[in-house]
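To keep things clear, I will list the structure first and then write my remarks on it.
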Amino acid sequence: MLPIGDLHLGADVDIDKFQGYIDWAKQNKAYIFLMGDLFDTATLTSPTEVWGQKMTLNNAIKLLKNILEPVQNQIIGAITGNHEKRLIRFANFDPIASLCDILNIEYAKYSAVLRFRVGMHRIKDIPHPNIEYVFYAHHSKGGGSTIGGKINRAKKLADIFEGADAYLIGHNHGKGVMEDSLARLSKNGRGEAHIEFRRVQYVDCGSFLIYDDSYAEEGMLPPSDTGCARIRMDGRRKDLHISF
């Protein structure tokens, strides 16, 4: 799965790299989840300048629709971001909701729980999924200019939704993953108890905004390498691998 967000279409973005990820997803039949801030949506009162936009919002929606159409059946849903929230606040219009309608994909608004069951074994010739993976995705909000601050925003999601294998955020344009191991008491059918450890990962999913002359540079935020996370789910044993 590719958790893709912070494209900021309308600003100066690395559209070739974004297209490369979409081509990779098509070739490898990977799922895609859209993490918000797909559009820059500059307004007269936003930190991003309207007159510095590379295209209108209408043209940005058309362009993204054309790029995503070849993989629309692989897109499992989308959430909105703080840049789209500008238009929700001013005009009750969310361009991501409109994009979802155009592409006929699920719109989850602010956050989403994603559940995968992968791999197969057979019981009396009936196929049963082997492994379950659960993700909780939120665009995120607030500061995070340091590496630790960015990952802490992802860790805060565990206070909202318990039991995910990985927590996914966008917003701060960072790329990174931190792993935790949580202990819990587990009981079998006979009432016998033991302590088991559950692996949890916190993922900052990346961005496609070019740093030079951007609002990130103006705001004294550190530059970030563009791109997004690749999440691989093993179907033979519980093993979640996240790379960039």
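So you can find residues: chains in the structure tokens are A, B, ... in the order shown, residues in each start at 1, and ligands are numbered from 1 in order.
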Report as a PyMOL selection string all protein, DNA and RNA residues lying within 8 Å of segment 127-140 of chain A, evaluated on only C-alpha atoms, omitting residues in the same chain fewer than 5 positions from it. chain A and resi 35-36+79-82+110-122+153-154+157+161+163-171+233-238
Mind writing the picked residues with C-alpha atoms as an mmCIF file, in the first residue's frame?
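What ended up in again-v3.cif:
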data_model
loop_
_atom_site.group_PDB
_atom_site.id
_atom_site.type_symbol
_atom_site.label_atom_id
_atom_site.label_comp_id
_atom_site.auth_asym_id
_atom_site.auth_seq_id
_atom_site.Cartn_x
_atom_site.Cartn_y
_atom_site.Cartn_z
ATOM 1 C CA MET A 35 -3.686 11.202 2.990
ATOM 2 C CA GLY A 36 -4.927 14.781 2.423
ATOM 3 C CA ILE A 79 -9.078 11.805 3.902
ATOM 4 C CA THR A 80 -8.914 15.581 3.775
ATOM 5 C CA GLY A 81 -6.088 17.847 4.939
ATOM 6 C CA ASN A 82 -5.653 21.273 6.459
ATOM 7 C CA TYR A 110 -10.806 13.322 8.788
ATOM 8 C CA SER A 111 -9.533 9.817 9.618
ATOM 9 C CA ALA A 112 -9.849 6.198 8.559
ATOM 10 C CA VAL A 113 -9.338 2.681 9.883
ATOM 11 C CA LEU A 114 -7.899 0.407 7.192
ATOM 12 C CA ARG A 115 -8.154 -3.382 7.577
ATOM 13 C CA PHE A 116 -6.376 -5.892 5.347
ATOM 14 C CA ARG A 117 -6.567 -9.676 5.443
ATOM 15 C CA VAL A 118 -3.811 -11.191 3.303
ATOM 16 C CA GLY A 119 -2.469 -14.625 2.459
ATOM 17 C CA MET A 120 -4.574 -17.756 2.202
ATOM 18 C CA HIS A 121 -4.829 -21.227 3.710
ATOM 19 C CA ARG A 122 -7.535 -23.836 3.075
ATOM 20 C CA ARG A 153 2.243 13.420 16.243
ATOM 21 C CA ALA A 154 1.848 9.906 14.846
ATOM 22 C CA LEU A 157 -3.021 8.663 17.269
ATOM 23 C CA PHE A 161 -7.596 4.382 18.240
ATOM 24 C CA GLY A 163 -4.852 -1.767 18.413
ATOM 25 C CA ALA A 164 -3.524 -0.652 15.030
ATOM 26 C CA ASP A 165 -0.377 -2.238 13.632
ATOM 27 C CA ALA A 166 0.676 1.153 12.242
ATOM 28 C CA TYR A 167 -0.414 4.776 12.619
ATOM 29 C CA LEU A 168 -0.115 6.954 9.499
ATOM 30 C CA ILE A 169 0.163 10.750 9.355
ATOM 31 C CA GLY A 170 0.935 13.472 6.827
ATOM 32 C CA HIS A 171 0.921 17.262 7.206
ATOM 33 C CA MET A 233 2.229 -6.813 4.329
ATOM 34 C CA ASP A 234 3.511 -10.388 4.476
ATOM 35 C CA GLY A 235 0.837 -13.054 3.955
ATOM 36 C CA ARG A 236 2.850 -15.934 5.407
ATOM 37 C CA ARG A 237 3.603 -14.475 8.854
ATOM 38 C CA LYS A 238 2.753 -11.235 10.691
#
Selection near Glu69 of chain A, 10 Å with only C-alpha atoms, sequence-local residues under 5 positions removed, as a list in words: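 Surrounding residues, per the criterion: Leu64, Gln74, Ile75, Ile102 and Leu103 of chain A.
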Print the selection's residues with N, CA and C atoms to a file, as a compact mmCIF listing (two decimals), in the first residue's frame.
# COMPACT_ATOMS: atom_id res chain seq x y z
N LEU A 64 -5.29 15.84 -11.48
CA LEU A 64 -5.20 14.72 -10.55
C LEU A 64 -6.16 13.60 -10.94
N GLN A 74 -7.68 0.73 -7.41
CA GLN A 74 -6.71 0.38 -6.36
C GLN A 74 -6.72 1.39 -5.20
N ILE A 75 -7.48 2.48 -5.35
CA ILE A 75 -7.53 3.51 -4.31
C ILE A 75 -8.63 3.12 -3.32
N ILE A 102 -15.86 11.98 -8.24
CA ILE A 102 -15.49 11.82 -9.66
C ILE A 102 -14.92 10.43 -9.92
N LEU A 103 -14.06 9.96 -9.00
CA LEU A 103 -13.37 8.68 -9.18
C LEU A 103 -14.13 7.51 -8.56
Can you tell me which residues surround Glu49 of chain A at a distance of at most 10 Å, considering only C-alpha atoms, apart from same-chain residues fewer than 3 positions away, and format the answer as a JSON list (two decimals) with N, CA and C atoms, in the first residue's frame?
[["chain", "number", "residue", "atom", "x", "y", "z"],
["A", 11, "ALA", "N", 0.82, 24.30, -6.18],
["A", 11, "ALA", "CA", 2.13, 24.88, -5.85],
["A", 11, "ALA", "C", 3.18, 24.23, -6.75],
["A", 40, "ASP", "N", -3.18, 22.51, -3.03],
["A", 40, "ASP", "CA", -2.61, 23.59, -2.23],
["A", 40, "ASP", "C", -3.69, 24.55, -1.73],
["A", 41, "THR", "N", -4.72, 24.76, -2.54],
["A", 41, "THR", "CA", -5.90, 25.58, -2.20],
["A", 41, "THR", "C", -5.53, 26.89, -1.50],
["A", 42, "ALA", "N", -4.75, 27.70, -2.19],
["A", 42, "ALA", "CA", -4.40, 29.02, -1.65],
["A", 42, "ALA", "C", -5.61, 29.93, -1.68],
["A", 43, "THR", "N", -5.75, 30.75, -0.64],
["A", 43, "THR", "CA", -6.81, 31.76, -0.58],
["A", 43, "THR", "C", -6.18, 33.11, -0.25],
["A", 44, "LEU", "N", -6.97, 34.16, -0.30],
["A", 44, "LEU", "CA", -6.45, 35.50, -0.02],
["A", 44, "LEU", "C", -6.00, 35.64, 1.43],
["A", 45, "THR", "N", -6.50, 34.79, 2.32],
["A", 45, "THR", "CA", -6.12, 34.89, 3.73],
["A", 45, "THR", "C", -5.18, 33.78, 4.18],
["A", 46, "SER", "N", -4.76, 32.90, 3.27],
["A", 46, "SER", "CA", -3.89, 31.78, 3.66],
["A", 46, "SER", "C", -2.42, 32.19, 3.59],
["A", 52, "GLY", "N", 0.93, 33.09, -6.53],
["A", 52, "GLY", "CA", 2.07, 32.22, -6.80],
["A", 52, "GLY", "C", 1.68, 30.82, -7.25],
["A", 53, "GLN", "N", 0.39, 30.56, -7.38],
["A", 53, "GLN", "CA", -0.07, 29.22, -7.77],
["A", 53, "GLN", "C", 0.28, 28.92, -9.23],
["A", 214, "SER", "N", 8.90, 27.87, -1.39],
["A", 214, "SER", "CA", 7.63, 27.41, -0.85],
["A", 214, "SER", "C", 7.33, 28.10, 0.48],
["A", 215, "TYR", "N", 6.10, 27.91, 0.98],
["A", 215, "TYR", "CA", 5.74, 28.46, 2.28],
["A", 215, "TYR", "C", 6.54, 27.79, 3.39]]
Select, from A:Val200, A:Leu2, A:Val71, A:Ile195, the residue with the minimum atom-to-atom distance to Gln27 of chain A, counting only C-alpha atoms.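 That would be A:Val71, the residue with the smallest distance to Gln27 of chain A.
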Do a neighbour search on Ile15 of chain A at 9 Å with only C-alpha atoms, toss out local chain neighbours closer than 4 positions, and write the hits as a PDB file with N, CA and C atoms, in the first residue's frame.
ATOM      1  N   LEU A   7       0.563  16.310  -1.651  1.00  0.00           N
ATOM      2  CA  LEU A   7       0.981  16.605  -3.026  1.00  0.00           C
ATOM      3  C   LEU A   7       1.013  18.110  -3.258  1.00  0.00           C
ATOM      4  N   LEU A   9      -0.926  20.060  -5.040  1.00  0.00           N
ATOM      5  CA  LEU A   9      -1.055  20.413  -6.447  1.00  0.00           C
ATOM      6  C   LEU A   9      -1.618  21.827  -6.582  1.00  0.00           C
ATOM      7  N   GLN A  19       4.017  10.914 -10.264  1.00  0.00           N
ATOM      8  CA  GLN A  19       3.583  10.036 -11.352  1.00  0.00           C
ATOM      9  C   GLN A  19       4.326   8.707 -11.292  1.00  0.00           C
ATOM     10  N   GLY A  20       5.604   8.744 -10.904  1.00  0.00           N
ATOM     11  CA  GLY A  20       6.381   7.518 -10.780  1.00  0.00           C
ATOM     12  C   GLY A  20       5.804   6.568  -9.736  1.00  0.00           C
ATOM     13  N   PHE A 208       5.249  15.811  -1.571  1.00  0.00           N
ATOM     14  CA  PHE A 208       5.769  16.047  -2.923  1.00  0.00           C
ATOM     15  C   PHE A 208       5.975  17.535  -3.198  1.00  0.00           C
ATOM     16  N   LEU A 209       5.957  18.351  -2.168  1.00  0.00           N
ATOM     17  CA  LEU A 209       6.150  19.796  -2.328  1.00  0.00           C
ATOM     18  C   LEU A 209       7.629  20.121  -2.480  1.00  0.00           C
TER      19      LEU A 209
END
Mind listing the helix (DSSP H, G or I) residues of segment 47-222 of chain A, per DSSP on the backbone, as a PyMOL selection string? chain A and resi 50-52+57-74+82-91+95-103+147-159+215-218
Store the residues picked out above, limited to C-alpha atoms, as a PDB file, in the first residue's frame.
ATOM      1  CA  VAL A  50      -2.870  32.949  -4.544  1.00  0.00           C
ATOM      2  CA  TRP A  51      -0.778  34.719  -7.160  1.00  0.00           C
ATOM      3  CA  GLY A  52       2.066  32.217  -6.796  1.00  0.00           C
ATOM      4  CA  LEU A  57      -7.968  24.573  -8.468  1.00  0.00           C
ATOM      5  CA  ASN A  58     -10.240  23.480 -11.340  1.00  0.00           C
ATOM      6  CA  ASN A  59      -7.219  22.538 -13.435  1.00  0.00           C
ATOM      7  CA  ALA A  60      -5.576  20.833 -10.452  1.00  0.00           C
ATOM      8  CA  ILE A  61      -8.656  18.644  -9.935  1.00  0.00           C
ATOM      9  CA  LYS A  62      -8.710  17.763 -13.655  1.00  0.00           C
ATOM     10  CA  LEU A  63      -5.000  16.906 -13.659  1.00  0.00           C
ATOM     11  CA  LEU A  64      -5.195  14.716 -10.550  1.00  0.00           C
ATOM     12  CA  LYS A  65      -8.291  12.963 -11.887  1.00  0.00           C
ATOM     13  CA  ASN A  66      -6.418  12.105 -15.105  1.00  0.00           C
ATOM     14  CA  ILE A  67      -3.370  10.815 -13.193  1.00  0.00           C
ATOM     15  CA  LEU A  68      -5.403   8.671 -10.775  1.00  0.00           C
ATOM     16  CA  GLU A  69      -7.984   7.260 -13.208  1.00  0.00           C
ATOM     17  CA  PRO A  70      -5.740   4.359 -14.348  1.00  0.00           C
ATOM     18  CA  VAL A  71      -5.453   3.170 -10.712  1.00  0.00           C
ATOM     19  CA  GLN A  72      -8.838   4.265  -9.345  1.00  0.00           C
ATOM     20  CA  ASN A  73      -9.829   0.655  -8.539  1.00  0.00           C
ATOM     21  CA  GLN A  74      -6.714   0.383  -6.356  1.00  0.00           C
ATOM     22  CA  ASN A  82      -5.653  21.273   6.459  1.00  0.00           C
ATOM     23  CA  HIS A  83      -5.143  22.912   3.041  1.00  0.00           C
ATOM     24  CA  GLU A  84      -8.505  21.639   1.827  1.00  0.00           C
ATOM     25  CA  LYS A  85      -9.961  22.743   5.180  1.00  0.00           C
ATOM     26  CA  ARG A  86      -9.425  26.339   4.030  1.00  0.00           C
ATOM     27  CA  LEU A  87     -12.233  25.967   1.496  1.00  0.00           C
ATOM     28  CA  ILE A  88     -14.365  23.864   3.814  1.00  0.00           C
ATOM     29  CA  ARG A  89     -14.212  26.701   6.344  1.00  0.00           C
ATOM     30  CA  PHE A  90     -14.871  29.515   3.853  1.00  0.00           C
ATOM     31  CA  ALA A  91     -17.253  27.905   1.367  1.00  0.00           C
ATOM     32  CA  PRO A  95     -12.043  19.389  -3.354  1.00  0.00           C
ATOM     33  CA  ILE A  96     -11.003  15.944  -2.089  1.00  0.00           C
ATOM     34  CA  ALA A  97     -14.661  14.996  -1.537  1.00  0.00           C
ATOM     35  CA  SER A  98     -15.352  16.115  -5.117  1.00  0.00           C
ATOM     36  CA  LEU A  99     -12.389  14.108  -6.421  1.00  0.00           C
ATOM     37  CA  CYS A 100     -13.715  11.035  -4.588  1.00  0.00           C
ATOM     38  CA  ASP A 101     -17.108  11.512  -6.220  1.00  0.00           C
ATOM     39  CA  ILE A 102     -15.491  11.823  -9.657  1.00  0.00           C
ATOM     40  CA  LEU A 103     -13.374   8.681  -9.183  1.00  0.00           C
ATOM     41  CA  ILE A 147      12.189  14.654  13.826  1.00  0.00           C
ATOM     42  CA  GLY A 148      10.984  13.631  17.272  1.00  0.00           C
ATOM     43  CA  GLY A 149       8.133  16.126  17.185  1.00  0.00           C
ATOM     44  CA  LYS A 150       6.924  14.757  13.861  1.00  0.00           C
ATOM     45  CA  ILE A 151       6.875  11.136  15.014  1.00  0.00           C
ATOM     46  CA  ASN A 152       5.207  12.160  18.284  1.00  0.00           C
ATOM     47  CA  ARG A 153       2.243  13.420  16.243  1.00  0.00           C
ATOM     48  CA  ALA A 154       1.848   9.906  14.846  1.00  0.00           C
ATOM     49  CA  LYS A 155       2.185   8.338  18.301  1.00  0.00           C
ATOM     50  CA  LYS A 156      -0.656  10.526  19.600  1.00  0.00           C
ATOM     51  CA  LEU A 157      -3.021   8.663  17.269  1.00  0.00           C
ATOM     52  CA  ALA A 158      -2.683   5.624  19.558  1.00  0.00           C
ATOM     53  CA  ASP A 159      -4.577   7.666  22.176  1.00  0.00           C
ATOM     54  CA  TYR A 215       5.743  28.464   2.278  1.00  0.00           C
ATOM     55  CA  ALA A 216       7.874  25.872   4.137  1.00  0.00           C
ATOM     56  CA  GLU A 217      11.036  27.794   3.259  1.00  0.00           C
ATOM     57  CA  GLU A 218       9.361  31.091   4.144  1.00  0.00           C
TER      58      GLU A 218
END
How far is it from atom CA of Arg184 of chain A to atom CA of Phe197 of chain A, in Å with one decimal?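 Taking atom CA of Arg184 of chain A as the start and atom CA of Phe197 of chain A as the end point, the length is 6.4 Å.
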Which value, in Å to one decimal, gives the distance between atom CA of Arg230 of chain A and atom CA of Ser243 of chain A?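 Separation of atom CA of Arg230 of chain A and atom CA of Ser243 of chain A: 5.3 Å.
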Closest to Val177 of chain A among A:Ile210, A:Ile123, A:Ala193, A:Ile242, using only C-alpha atoms? A:Ile242
Rounded to one decimal, what separation in Å do you get between atom CA of Asp180 of chain A and atom CA of Ile76 of chain A?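 Atom CA of Asp180 of chain A sits 26.5 Å away from atom CA of Ile76 of chain A.
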